[in-house]
file model_0.txt (compact mmCIF, C-alpha atoms and all ligand atoms)
# COMPACT_ATOMS: atom_id res chain seq x y z
CA MET A 11 0.00 0.00 0.00
CA GLY A 12 2.78 2.40 0.95
CA ASP A 13 4.43 1.84 -2.41
CA MET A 14 1.22 2.42 -4.23
CA MET A 15 0.73 5.75 -2.54
CA GLY A 16 4.35 6.74 -3.10
CA ALA A 17 4.16 5.88 -6.76
CA THR A 18 0.84 7.65 -7.26
CA ARG A 19 2.26 10.73 -5.59
CA ARG A 20 5.30 10.56 -7.82
CA LEU A 21 3.21 10.37 -10.96
CA ARG A 22 1.02 13.21 -9.76
CA ASN A 23 3.96 15.43 -8.81
CA ASN A 24 5.62 14.76 -12.06
CA GLY A 25 3.61 16.92 -14.41
CA SER A 26 5.82 16.33 -17.40
CA ALA A 27 6.09 12.58 -16.90
CA ALA A 28 5.36 10.57 -19.98
CA GLY A 29 3.41 8.08 -17.86
CA THR A 30 0.21 9.32 -16.34
CA ALA A 31 -1.18 5.81 -16.37
CA PRO A 32 -2.40 4.60 -12.97
CA VAL A 33 0.15 2.59 -11.04
CA ASP A 34 -0.25 -1.06 -11.92
CA LYS A 35 -0.42 -2.91 -8.61
CA ALA A 36 0.89 -6.06 -10.26
CA GLU A 37 4.15 -4.28 -11.06
CA ILE A 38 4.87 -3.36 -7.42
CA ARG A 39 5.75 -6.79 -6.07
CA HIS A 40 7.20 -7.99 -2.80
CA ASP A 41 7.39 -11.68 -3.65
CA TRP A 42 10.39 -11.79 -5.96
CA THR A 43 12.36 -15.04 -6.04
CA ILE A 44 16.07 -15.37 -6.74
CA GLY A 45 15.19 -17.46 -9.82
CA GLU A 46 13.02 -14.68 -11.26
CA ALA A 47 15.65 -12.05 -10.53
CA LEU A 48 18.33 -14.20 -12.13
CA SER A 49 16.18 -14.67 -15.21
CA LEU A 50 16.22 -10.88 -15.66
CA PHE A 51 20.03 -10.90 -15.56
CA GLU A 52 20.02 -13.72 -18.11
CA LEU A 53 18.06 -11.76 -20.72
CA SER A 54 20.01 -10.37 -23.66
CA LEU A 55 21.12 -6.84 -22.80
CA ASN A 56 18.74 -5.49 -25.45
CA ASP A 57 15.76 -7.38 -24.04
CA LEU A 58 16.59 -6.29 -20.49
CA LEU A 59 17.05 -2.64 -21.51
CA PHE A 60 13.80 -2.66 -23.52
CA ARG A 61 11.81 -3.99 -20.60
CA ALA A 62 13.46 -1.81 -17.97
CA HIS A 63 13.20 1.38 -20.01
CA GLY A 64 9.54 0.76 -20.82
CA LEU A 65 8.70 0.41 -17.14
CA TYR A 66 10.87 3.43 -16.32
CA ARG A 67 8.70 5.60 -18.57
CA ARG A 68 5.50 4.43 -16.89
CA TYR A 69 6.63 5.80 -13.56
CA PHE A 70 9.00 8.67 -14.30
CA ASP A 71 9.95 11.39 -16.70
CA ALA A 72 12.82 9.54 -18.38
CA ASN A 73 14.62 12.81 -19.17
CA GLU A 74 15.00 13.92 -15.57
CA VAL A 75 17.88 13.04 -13.23
CA GLN A 76 17.89 13.67 -9.50
CA LEU A 77 21.17 15.19 -8.24
CA SER A 78 22.40 14.50 -4.69
CA THR A 79 25.55 16.03 -3.21
CA LEU A 80 27.43 14.18 -0.46
CA LEU A 81 29.42 15.53 2.46
CA ASN A 82 31.23 13.44 5.05
CA VAL A 83 30.64 15.39 8.26
CA LYS A 84 32.55 12.91 10.45
CA THR A 85 35.47 11.19 8.78
CA GLY A 86 37.31 8.01 9.75
CA GLY A 87 38.00 6.12 12.95
CA CYS A 88 34.97 3.85 12.54
CA PRO A 89 34.90 0.73 14.76
CA GLU A 90 33.09 -1.39 12.12
CA ASP A 91 34.95 -3.78 9.81
CA CYS A 92 33.21 -3.20 6.42
CA ARG A 93 35.89 -4.63 4.14
CA TYR A 94 35.35 -2.04 1.40
CA CYS A 95 35.60 1.05 3.57
CA ALA A 96 38.29 3.74 3.70
CA GLN A 97 37.00 4.85 7.09
CA SER A 98 37.25 1.67 9.15
CA ALA A 99 39.83 2.10 11.93
CA ARG A 100 40.87 -1.52 11.30
CA TYR A 101 42.61 -0.86 7.99
CA GLN A 102 45.59 1.37 7.09
CA THR A 103 43.98 3.44 4.36
CA GLY A 104 45.56 6.82 5.04
CA VAL A 105 42.16 8.24 6.07
CA GLY A 106 42.58 9.49 9.64
CA ALA A 107 39.88 10.07 12.24
CA ALA A 108 38.57 13.64 12.35
CA LYS A 109 36.10 15.36 14.66
CA ILE A 110 32.55 16.09 13.57
CA MET A 111 32.35 19.23 11.41
CA ASP A 112 30.90 22.55 12.57
CA THR A 113 27.34 23.20 11.46
CA ASP A 114 28.34 26.47 9.77
CA GLU A 115 30.86 24.73 7.52
CA VAL A 116 28.24 22.16 6.55
CA VAL A 117 25.71 24.85 5.67
CA VAL A 118 28.33 26.64 3.53
CA ALA A 119 28.92 23.38 1.63
CA ALA A 120 25.16 22.88 1.21
CA LYS A 121 24.78 26.41 -0.18
CA ARG A 122 27.47 25.62 -2.70
CA ALA A 123 25.72 22.38 -3.64
CA LYS A 124 22.51 24.29 -4.19
CA ALA A 125 24.34 26.87 -6.29
CA ILE A 126 25.71 24.18 -8.62
CA GLY A 127 22.24 22.68 -9.03
CA ALA A 128 21.93 19.85 -6.50
CA GLY A 129 18.42 19.08 -5.24
CA ARG A 130 19.43 17.02 -2.21
CA PHE A 131 22.27 17.25 0.30
CA CYS A 132 23.36 14.08 2.05
CA ILE A 133 25.53 14.06 5.17
CA GLY A 134 27.53 10.99 6.13
CA ALA A 135 29.26 9.98 9.34
CA ALA A 136 31.70 7.13 9.97
CA TRP A 137 29.83 5.73 12.93
CA ARG A 138 28.40 2.34 13.87
CA GLY A 139 25.49 4.55 14.93
CA PRO A 140 25.15 8.03 16.40
CA LYS A 141 25.51 8.72 20.12
CA ASP A 142 22.62 10.77 21.42
CA ARG A 143 24.92 13.75 21.97
CA ASP A 144 26.10 13.58 18.33
CA LEU A 145 22.51 13.98 17.23
CA ASP A 146 22.30 17.54 18.62
CA ARG A 147 24.83 18.63 16.00
CA ILE A 148 23.26 16.51 13.26
CA VAL A 149 19.83 18.03 14.00
CA GLU A 150 21.32 21.54 13.61
CA MET A 151 22.89 20.53 10.31
CA ILE A 152 19.64 19.09 8.96
CA GLU A 153 17.69 22.19 9.96
CA GLY A 154 20.31 24.41 8.29
CA ILE A 155 20.28 22.40 5.05
CA LYS A 156 16.50 22.18 4.95
CA ALA A 157 16.20 25.96 5.40
CA LEU A 158 18.08 26.37 2.10
CA GLY A 159 15.27 24.60 0.26
CA LEU A 160 17.26 21.43 -0.32
CA GLU A 161 16.02 17.92 0.34
CA THR A 162 17.93 16.36 3.23
CA CYS A 163 19.49 12.93 3.56
CA ALA A 164 21.74 11.40 6.22
CA THR A 165 23.73 8.19 6.57
CA LEU A 166 24.88 7.73 10.15
CA GLY A 167 24.75 3.95 10.73
CA MET A 168 22.27 2.09 12.92
CA LEU A 169 19.47 4.07 14.58
CA THR A 170 17.19 3.58 17.57
CA PRO A 171 13.49 4.48 17.14
CA ALA A 172 13.97 7.57 19.37
CA GLN A 173 16.89 8.75 17.22
CA ALA A 174 14.91 8.24 14.02
CA LYS A 175 12.05 10.25 15.51
CA ARG A 176 14.41 13.11 16.34
CA LEU A 177 15.78 13.12 12.81
CA LYS A 178 12.28 13.16 11.37
CA GLY A 179 11.43 16.08 13.66
CA ALA A 180 14.47 17.97 12.37
CA GLY A 181 13.13 17.67 8.81
CA LEU A 182 15.10 14.70 7.52
CA ASP A 183 13.63 13.56 4.19
CA TYR A 184 15.75 10.45 3.47
CA TYR A 185 17.92 8.08 5.49
CA ASN A 186 20.56 6.04 3.64
CA HIS A 187 21.41 2.63 5.04
CA ASN A 188 22.55 0.05 2.50
CA LEU A 189 22.05 -3.69 2.65
CA ASP A 190 25.33 -3.70 0.69
CA THR A 191 25.08 -7.28 -0.67
CA SER A 192 23.01 -10.48 -0.45
CA LYS A 193 22.22 -12.08 2.88
CA ASP A 194 24.40 -15.04 1.86
CA TYR A 195 27.47 -13.01 0.92
CA TYR A 196 27.12 -10.46 3.71
CA ALA A 197 29.39 -12.21 6.25
CA ASN A 198 32.26 -12.05 3.73
CA ILE A 199 32.04 -8.26 3.85
CA ILE A 200 31.04 -7.23 7.38
CA THR A 201 31.16 -9.14 10.66
CA THR A 202 30.51 -6.39 13.21
CA ARG A 203 26.79 -6.10 12.48
CA THR A 204 24.38 -8.45 10.76
CA PHE A 205 22.20 -8.30 7.69
CA GLU A 206 19.21 -8.50 10.06
CA ASP A 207 20.54 -5.46 11.98
CA ARG A 208 20.37 -3.54 8.72
CA ILE A 209 16.84 -4.68 7.94
CA GLU A 210 15.89 -3.63 11.47
CA THR A 211 17.34 -0.11 10.99
CA LEU A 212 15.43 0.21 7.73
CA ALA A 213 12.18 -0.70 9.54
CA ILE A 214 12.92 1.90 12.23
CA VAL A 215 13.52 4.55 9.58
CA ARG A 216 10.34 3.64 7.72
CA GLN A 217 8.28 3.62 10.91
CA ALA A 218 9.56 7.11 11.74
CA GLY A 219 8.08 8.30 8.43
CA ILE A 220 11.47 8.99 6.81
CA ASN A 221 12.00 7.94 3.18
CA VAL A 222 14.28 4.92 2.94
CA CYS A 223 17.39 5.02 0.75
CA SER A 224 18.93 1.56 0.55
CA GLY A 225 21.02 -0.26 -2.01
CA GLY A 226 24.36 -1.97 -2.27
CA ILE A 227 27.79 -2.33 -3.79
CA LEU A 228 28.77 -4.40 -6.83
CA GLY A 229 32.28 -5.66 -7.54
CA MET A 230 33.13 -7.05 -4.11
CA GLY A 231 33.85 -10.52 -5.51
CA GLU A 232 30.18 -11.53 -5.22
CA ALA A 233 28.46 -13.81 -7.71
CA ARG A 234 25.54 -12.86 -9.94
CA GLU A 235 23.29 -14.79 -7.50
CA ASP A 236 24.36 -12.32 -4.81
CA ARG A 237 23.53 -9.32 -6.97
CA ALA A 238 20.13 -10.92 -7.63
CA GLY A 239 19.84 -11.69 -3.89
CA LEU A 240 20.55 -8.08 -2.96
CA LEU A 241 17.77 -6.85 -5.28
CA VAL A 242 15.34 -9.49 -4.01
CA ALA A 243 16.06 -8.46 -0.39
CA LEU A 244 15.41 -4.80 -1.26
CA ALA A 245 12.28 -5.45 -3.33
CA ASN A 246 10.78 -7.82 -0.76
CA LEU A 247 11.02 -5.29 2.10
CA GLU A 248 7.65 -4.16 3.45
CA GLU A 249 7.90 -1.14 1.13
CA HIS A 250 10.33 -0.66 -1.71
CA PRO A 251 13.01 1.82 -0.65
CA GLN A 252 12.11 5.19 -2.15
CA SER A 253 15.72 5.46 -3.29
CA VAL A 254 18.05 2.61 -4.34
CA PRO A 255 21.74 3.49 -4.72
CA ILE A 256 23.75 0.99 -6.74
CA ASN A 257 27.45 1.54 -6.07
CA MET A 258 30.38 0.09 -7.97
CA LEU A 259 33.13 -0.68 -5.48
CA VAL A 260 35.70 2.10 -5.25
CA PRO A 261 38.74 -0.01 -4.35
CA ILE A 262 40.59 1.49 -1.39
CA ALA A 263 44.27 0.65 -0.84
CA GLY A 264 44.76 -0.92 2.57
CA THR A 265 41.30 -2.52 2.74
CA PRO A 266 40.78 -6.27 2.24
CA LEU A 267 38.90 -5.50 -1.01
CA ALA A 268 41.66 -3.32 -2.49
CA ASP A 269 42.35 -5.89 -5.20
CA ALA A 270 38.85 -7.22 -5.82
CA PRO A 271 38.41 -8.05 -9.52
CA PRO A 272 36.47 -5.26 -11.23
CA ILE A 273 32.93 -6.04 -12.32
CA ASP A 274 32.06 -6.18 -16.04
CA PRO A 275 30.43 -2.80 -16.78
CA PHE A 276 27.59 -4.54 -18.68
CA GLU A 277 26.85 -6.58 -15.57
CA PHE A 278 26.58 -3.28 -13.71
CA VAL A 279 24.12 -1.99 -16.33
CA ARG A 280 22.15 -5.24 -16.04
CA THR A 281 21.88 -4.78 -12.27
CA ILE A 282 20.52 -1.27 -12.76
CA GLY A 283 17.98 -2.61 -15.29
CA ALA A 284 16.91 -5.43 -12.97
CA ALA A 285 16.54 -2.94 -10.09
CA ARG A 286 14.32 -0.77 -12.30
CA ILE A 287 12.10 -3.74 -13.19
CA MET A 288 11.87 -5.06 -9.64
CA MET A 289 11.28 -1.65 -7.98
CA PRO A 290 9.68 0.34 -10.80
CA ALA A 291 8.50 3.31 -8.73
CA SER A 292 11.78 3.78 -6.83
CA VAL A 293 14.48 6.24 -7.74
CA VAL A 294 17.54 4.17 -8.71
CA ARG A 295 20.88 5.89 -8.21
CA LEU A 296 23.97 5.33 -10.32
CA ALA A 297 26.08 5.89 -7.19
CA ALA A 298 29.81 5.44 -6.43
CA GLY A 299 32.27 4.27 -9.07
CA ARG A 300 31.60 6.71 -11.90
CA MET A 301 35.27 7.82 -12.01
CA GLU A 302 36.05 4.40 -13.46
CA MET A 303 33.04 4.23 -15.77
CA ASP A 304 33.11 5.63 -19.27
CA GLU A 305 30.35 7.96 -20.36
CA GLY A 306 28.78 5.40 -22.70
CA ILE A 307 28.22 3.02 -19.80
CA GLN A 308 26.80 5.83 -17.67
CA ALA A 309 24.42 6.71 -20.53
CA LEU A 310 23.33 3.05 -20.70
CA CYS A 311 22.66 3.09 -16.94
CA LEU A 312 20.54 6.21 -17.36
CA PHE A 313 18.63 4.46 -20.16
CA ALA A 314 18.21 1.28 -18.10
CA GLY A 315 16.37 3.31 -15.48
CA ALA A 316 18.94 4.98 -13.23
CA ASN A 317 17.51 8.42 -12.50
CA SER A 318 19.81 9.84 -9.87
CA ILE A 319 23.55 10.47 -9.46
CA PHE A 320 25.91 11.85 -6.85
CA TYR A 321 26.80 15.31 -8.03
CA GLY A 322 29.91 17.24 -6.97
CA ASP A 323 33.58 16.33 -7.12
CA ARG A 324 33.70 14.23 -3.92
CA LEU A 325 31.86 11.26 -2.54
CA LEU A 326 32.77 10.62 1.12
CA THR A 327 36.55 10.14 0.97
CA THR A 328 37.09 9.56 -2.76
CA PRO A 329 36.68 11.66 -5.93
CA ASN A 330 33.57 11.85 -8.08
CA PRO A 331 33.35 13.44 -11.55
CA ALA A 332 33.55 17.26 -11.50
CA GLU A 333 30.14 18.94 -11.62
CA ASN A 334 31.02 20.68 -14.89
CA ASP A 335 31.72 17.35 -16.53
CA ASP A 336 28.43 15.94 -15.28
CA ALA A 337 26.51 19.03 -16.35
CA LYS A 338 28.06 18.66 -19.81
CA LEU A 339 27.24 14.95 -19.94
CA LEU A 340 23.60 15.56 -19.02
CA GLU A 341 23.41 18.29 -21.65
CA ARG A 342 24.93 16.05 -24.31
CA LEU A 343 22.36 13.39 -23.44
CA GLY A 344 19.53 15.95 -23.45
CA LEU A 345 18.70 15.20 -19.82
CA ARG A 346 17.89 17.74 -17.13
CA ALA A 347 18.27 18.02 -13.38
CA LYS A 348 15.20 17.41 -11.24
CA ALA A 349 14.18 20.18 -8.84
CA ALA A 350 14.07 19.51 -5.08
CA GLU A 351 10.64 18.24 -3.98
CA ALA A 352 10.74 18.37 -0.23
CA GLY A 353 12.81 21.45 0.59
CA GLY A 354 12.31 24.11 3.27
CA GLU A 355 11.46 27.80 2.88
CA GLY A 356 14.58 28.40 0.72
N1 LIG A 401 28.81 4.58 8.61
C1 LIG A 401 27.53 4.57 8.07
C2 LIG A 401 27.10 3.20 7.63
O1 LIG A 401 27.93 2.45 7.13
O2 LIG A 401 25.93 2.86 7.76
C3 LIG A 401 27.33 5.55 6.94
C4 LIG A 401 28.42 5.78 5.91
S1 LIG A 401 28.85 4.42 4.86
C5 LIG A 401 30.37 4.93 4.22
C6 LIG A 401 27.64 4.48 3.55
C7 LIG A 401 27.71 3.46 2.46
O3 LIG A 401 28.68 3.86 1.50
C8 LIG A 401 28.09 2.04 2.78
O4 LIG A 401 27.03 1.31 3.31
C9 LIG A 401 28.50 1.51 1.42
O5 LIG A 401 27.39 0.93 0.76
C10 LIG A 401 28.99 2.75 0.69
N2 LIG A 401 30.44 2.69 0.49
C11 LIG A 401 31.38 2.89 1.44
N3 LIG A 401 32.62 2.71 0.94
C12 LIG A 401 32.47 2.39 -0.36
C13 LIG A 401 33.38 2.07 -1.41
N4 LIG A 401 34.69 2.03 -1.20
N5 LIG A 401 32.88 1.80 -2.63
C14 LIG A 401 31.55 1.82 -2.84
N6 LIG A 401 30.64 2.11 -1.89
C15 LIG A 401 31.09 2.38 -0.66
C1 LIG A 402 25.83 5.28 -1.05
O1 LIG A 402 25.13 4.30 -1.39
N1 LIG A 402 26.99 5.61 -1.60
C2 LIG A 402 27.55 6.77 -0.97
C3 LIG A 402 26.45 7.19 0.02
N2 LIG A 402 25.50 6.13 -0.10
C4 LIG A 402 26.78 7.55 1.39
C5 LIG A 402 28.92 6.57 -0.44
C6 LIG A 402 29.93 6.15 -1.48
C7 LIG A 402 31.29 6.09 -0.83
C8 LIG A 402 32.38 5.81 -1.80
C9 LIG A 402 33.72 5.68 -1.16
C10 LIG A 402 34.20 6.90 -0.44
O2 LIG A 402 34.10 8.04 -0.96
O3 LIG A 402 34.77 6.73 0.66
FE1 LIG A 403 32.05 2.47 9.34
FE2 LIG A 403 30.11 2.96 7.59
FE3 LIG A 403 32.66 2.54 6.78
FE4 LIG A 403 31.26 0.50 7.74
S1 LIG A 403 30.79 1.68 5.87
S2 LIG A 403 33.38 1.02 8.28
S3 LIG A 403 30.03 1.51 9.32
S4 LIG A 403 31.92 4.23 7.97

call {"tool": "encode", "arguments": {"input": "model_0.txt", "output": "structure tokens", "more": "lines below"}}
Ligand code: SAM
Ligand code: DTB
Ligand code: SF4
result
Amino acid sequence: MGDMMGATRRLRNNGSAAGTAPVDKAEIRHDWTIGEALSLFELSLNDLLFRAHGLYRRYFDANEVQLSTLLNVKTGGCPEDCRYCAQSARYQTGVGAAKIMDTDEVVVAAKRAKAIGAGRFCIGAAWRGPKDRDLDRIVEMIEGIKALGLETCATLGMLTPAQAKRLKGAGLDYYNHNLDTSKDYYANIITTRTFEDRIETLAIVRQAGINVCSGGILGMGEAREDRAGLLVALANLEEHPQSVPINMLVPIAGTPLADAPPIDPFEFVRTIGAARIMMPASVVRLAAGRMEMDEGIQALCLFAGANSIFYGDRLLTTPNPAENDDAKLLERLGLRAKAAEAGGEG
């Protein structure tokens, strides 16, 4: 039901959307099997793209891309052991532990993001979860960003229901918490918290009335079954996440995944297409990894149904394409940036 309402709202809000057809309940499914997901991956790329793009147009304006800018407000020193991460204190990655940023600095960065055309500003912190005293600062940051008329997003680790409620009260629009990979592969990547812990945090976020942003990372040595398993786990949640970031691993020297074999770019495109088919009303983000992806592959992802990117020359600790280059790419493709939907007075 929640999905239905979300999708209807999206179609309604989206005046220029090609699809004004009513949301087809049969397309919003929560009973995907691994076999069905795998059969999407097994289609020829043309068949998969045709199907994914057709569905994309039923739910969205296919010429509009949502732009989110990231800022790491608390870098490094994280106690968790995520094997991909530059910020885990367990690995020698050259990323040191810093203190949480001042709110003023964060608001300056958000103003800049708005000036370059971002619609959403996402703050990240290298925590297992926030301490209650950390949240005072985070609440200030969210209020400051929201007042600029930007949508707000945060990724701070695991949350308690009381913390989620506070974030909602501050005006938080989205909370990012990725499942990262399939349930089966998960223990190869993280041992300090479980897959179920992540599902639990997503339920807490959803119950607080915050939009859920949840996806994963490809290229961590997982099998196609795991990529299918990740999408099945996301699609079979009580509601589809409103936003689904699909990251390509950014290999970080010093982490156990530094030398993971890179994923075939067409397999990445296939995963985007399968995500679009399985969660047709969700915004799918072509997330980390674009520095290593040529523009043709990015264009294919945007055709397959990706309709969001990280915008601005940094992700959390690693580079992202310069905004000018992205603005030029969107222009060359004839695509335009989507305006913020849930901003403040700004
Ligand atoms: N510490 C919080 C947490 O993990 O929940 C929030 C920040 S964490 C860095 C956010 C997400 O970024 C991770 O869940 C992971 O999916 C993604 N990420 C981190 N490092 C990455 C890398 N090297 N390549 C691709 N994605 C990465
Ligand atoms: C997400 O799915 N990807 C972003 C965001 N959510 C927080 C993070 C990407 C991090 C890439 C590696 C880095 O910059 O450290
Ligand atoms: Fe910590 Fe998040 Fe990095 Fe895991 S992904 S080590 S929780 S900052």

call {"tool": "residues_around", "arguments": {"input": "model_0.txt", "residues": "Ala172 of chain A", "least_positions_apart": "2", "cutoff": "12 Å", "atoms": "only C-alpha atoms", "output": "list in words"}}
result
Pro140, Lys141, Asp142, Leu145, Met168, Leu169, Thr170, Ala174, Lys175, Arg176, Leu177, Lys178, Gly179, Thr211, Ile214, Val215, Gln217 and Ala218 of chain A

call {"tool": "closest_residue", "arguments": {"input": "model_0.txt", "among": "A:Arg295, A:Thr113, A:Lys124, A:Leu182", "to": "Gly154 of chain A", "atoms": "all atoms listed in the file"}}
result
A:Thr113

call {"tool": "closest_residue", "arguments": {"input": "model_0.txt", "among": "A:Leu166, A:Ala36, A:Ala291, A:Ala332", "to": "ligand LIG 402 (chain A)", "atoms": "only C-alpha atoms and all ligand atoms"}}
result
A:Leu166

call {"tool": "residues_around", "arguments": {"input": "model_0.txt", "residues": "Val117 of chain A", "least_positions_apart": "6", "cutoff": "12 Å", "atoms": "all atoms listed in the file", "output": "PyMOL selection string"}}
result
chain A and resi 81+83+111+123-124+131-133+148+150-160+162

call {"tool": "closest_residue", "arguments": {"input": "model_0.txt", "among": "A:Arg237, A:Arg208, A:Arg147, A:Arg61", "to": "ligand LIG 403 (chain A)", "atoms": "all atoms listed in the file"}}
result
A:Arg208

call {"tool": "residues_near_ligand", "arguments": {"input": "model_0.txt", "ligand": "ligand LIG 401 (chain A)", "cutoff": "8 Å", "atoms": "only C-alpha atoms and all ligand atoms", "output": "tab-separated table (two decimals) with C-alpha atoms, keeping the file's coordinate frame"}}
result
chain	number	residue	atom	x	y	z
A	88	CYS	CA	34.97	3.85	12.54
A	92	CYS	CA	33.21	-3.20	6.42
A	94	TYR	CA	35.35	-2.04	1.40
A	95	CYS	CA	35.60	1.05	3.57
A	96	ALA	CA	38.29	3.74	3.70
A	97	GLN	CA	37.00	4.85	7.09
A	134	GLY	CA	27.53	10.99	6.13
A	135	ALA	CA	29.26	9.98	9.34
A	136	ALA	CA	31.70	7.13	9.97
A	137	TRP	CA	29.83	5.73	12.93
A	138	ARG	CA	28.40	2.34	13.87
A	139	GLY	CA	25.49	4.55	14.93
A	165	THR	CA	23.73	8.19	6.57
A	166	LEU	CA	24.88	7.73	10.15
A	167	GLY	CA	24.75	3.95	10.73
A	168	MET	CA	22.27	2.09	12.92
A	186	ASN	CA	20.56	6.04	3.64
A	187	HIS	CA	21.41	2.63	5.04
A	188	ASN	CA	22.55	0.05	2.50
A	189	LEU	CA	22.05	-3.69	2.65
A	190	ASP	CA	25.33	-3.70	0.69
A	225	GLY	CA	21.02	-0.26	-2.01
A	226	GLY	CA	24.36	-1.97	-2.27
A	227	ILE	CA	27.79	-2.33	-3.79
A	228	LEU	CA	28.77	-4.40	-6.83
A	257	ASN	CA	27.45	1.54	-6.07
A	258	MET	CA	30.38	0.09	-7.97
A	259	LEU	CA	33.13	-0.68	-5.48
A	260	VAL	CA	35.70	2.10	-5.25
A	261	PRO	CA	38.74	-0.01	-4.35
A	262	ILE	CA	40.59	1.49	-1.39
A	297	ALA	CA	26.08	5.89	-7.19
A	298	ALA	CA	29.81	5.44	-6.43
A	299	GLY	CA	32.27	4.27	-9.07
A	326	LEU	CA	32.77	10.62	1.12

call {"tool": "atom_distance", "arguments": {"input": "model_0.txt", "atom1": "atom CA of Ile110 of chain A", "atom2": "atom CA of Lys84 of chain A"}}
result
4.5 Å

call {"tool": "atom_distance", "arguments": {"input": "model_0.txt", "atom1": "atom CA of Pro271 of chain A", "atom2": "atom CA of Thr103 of chain A"}}
result
18.9 Å

call {"tool": "atom_distance", "arguments": {"input": "model_0.txt", "atom1": "atom CA of Lys109 of chain A", "atom2": "atom CA of Asp144 of chain A"}}
result
10.8 Å

call {"tool": "closest_residue", "arguments": {"input": "model_0.txt", "among": "A:Leu53, A:Ile200, A:Ser192, A:Gln76", "to": "ligand LIG 403 (chain A)", "atoms": "all atoms listed in the file"}}
result
A:Ile200

call {"tool": "closest_residue", "arguments": {"input": "model_0.txt", "among": "A:Ala263, A:Ala62, A:Leu340, A:Val242", "to": "ligand LIG 402 (chain A)", "atoms": "only C-alpha atoms and all ligand atoms"}}
result
A:Ala263

call {"tool": "closest_residue", "arguments": {"input": "model_0.txt", "among": "A:Ser253, A:Ser98, A:Met288, A:Asn82", "to": "Val116 of chain A", "atoms": "all atoms listed in the file"}}
result
A:Asn82

call {"tool": "build_atoms", "arguments": {"input": "model_0.txt", "residues": "segment 108-112 of chain A", "atoms": "all heavy atoms", "output": "compact mmCIF listing (two decimals), in the frame of the given file"}}
result
# COMPACT_ATOMS: atom_id res chain seq x y z
N ALA A 108 38.74 12.20 12.10
CA ALA A 108 38.57 13.64 12.35
C ALA A 108 37.38 13.83 13.29
O ALA A 108 36.60 12.91 13.50
CB ALA A 108 38.32 14.35 11.03
N LYS A 109 37.27 15.05 13.81
CA LYS A 109 36.10 15.36 14.66
C LYS A 109 34.91 15.72 13.76
O LYS A 109 35.08 16.07 12.59
CB LYS A 109 36.42 16.57 15.55
CG LYS A 109 37.34 16.20 16.71
CD LYS A 109 37.19 17.19 17.86
CE LYS A 109 37.33 18.63 17.40
NZ LYS A 109 37.82 19.58 18.36
N ILE A 110 33.74 15.70 14.34
CA ILE A 110 32.55 16.09 13.57
C ILE A 110 32.68 17.56 13.15
O ILE A 110 33.23 18.38 13.88
CB ILE A 110 31.25 15.84 14.40
CG1 ILE A 110 30.01 16.04 13.54
CG2 ILE A 110 31.22 16.70 15.65
CD1 ILE A 110 28.73 15.52 14.19
N MET A 111 32.22 17.86 11.95
CA MET A 111 32.35 19.23 11.41
C MET A 111 31.44 20.21 12.16
O MET A 111 30.44 19.82 12.77
CB MET A 111 31.94 19.25 9.93
CG MET A 111 33.00 18.71 8.99
SD MET A 111 32.39 18.59 7.28
CE MET A 111 32.35 20.32 6.82
N ASP A 112 31.78 21.50 12.04
CA ASP A 112 30.90 22.55 12.57
C ASP A 112 29.70 22.70 11.65
O ASP A 112 29.83 22.58 10.43
CB ASP A 112 31.64 23.90 12.61
CG ASP A 112 32.64 23.93 13.75
OD1 ASP A 112 32.41 23.21 14.75
OD2 ASP A 112 33.64 24.64 13.62
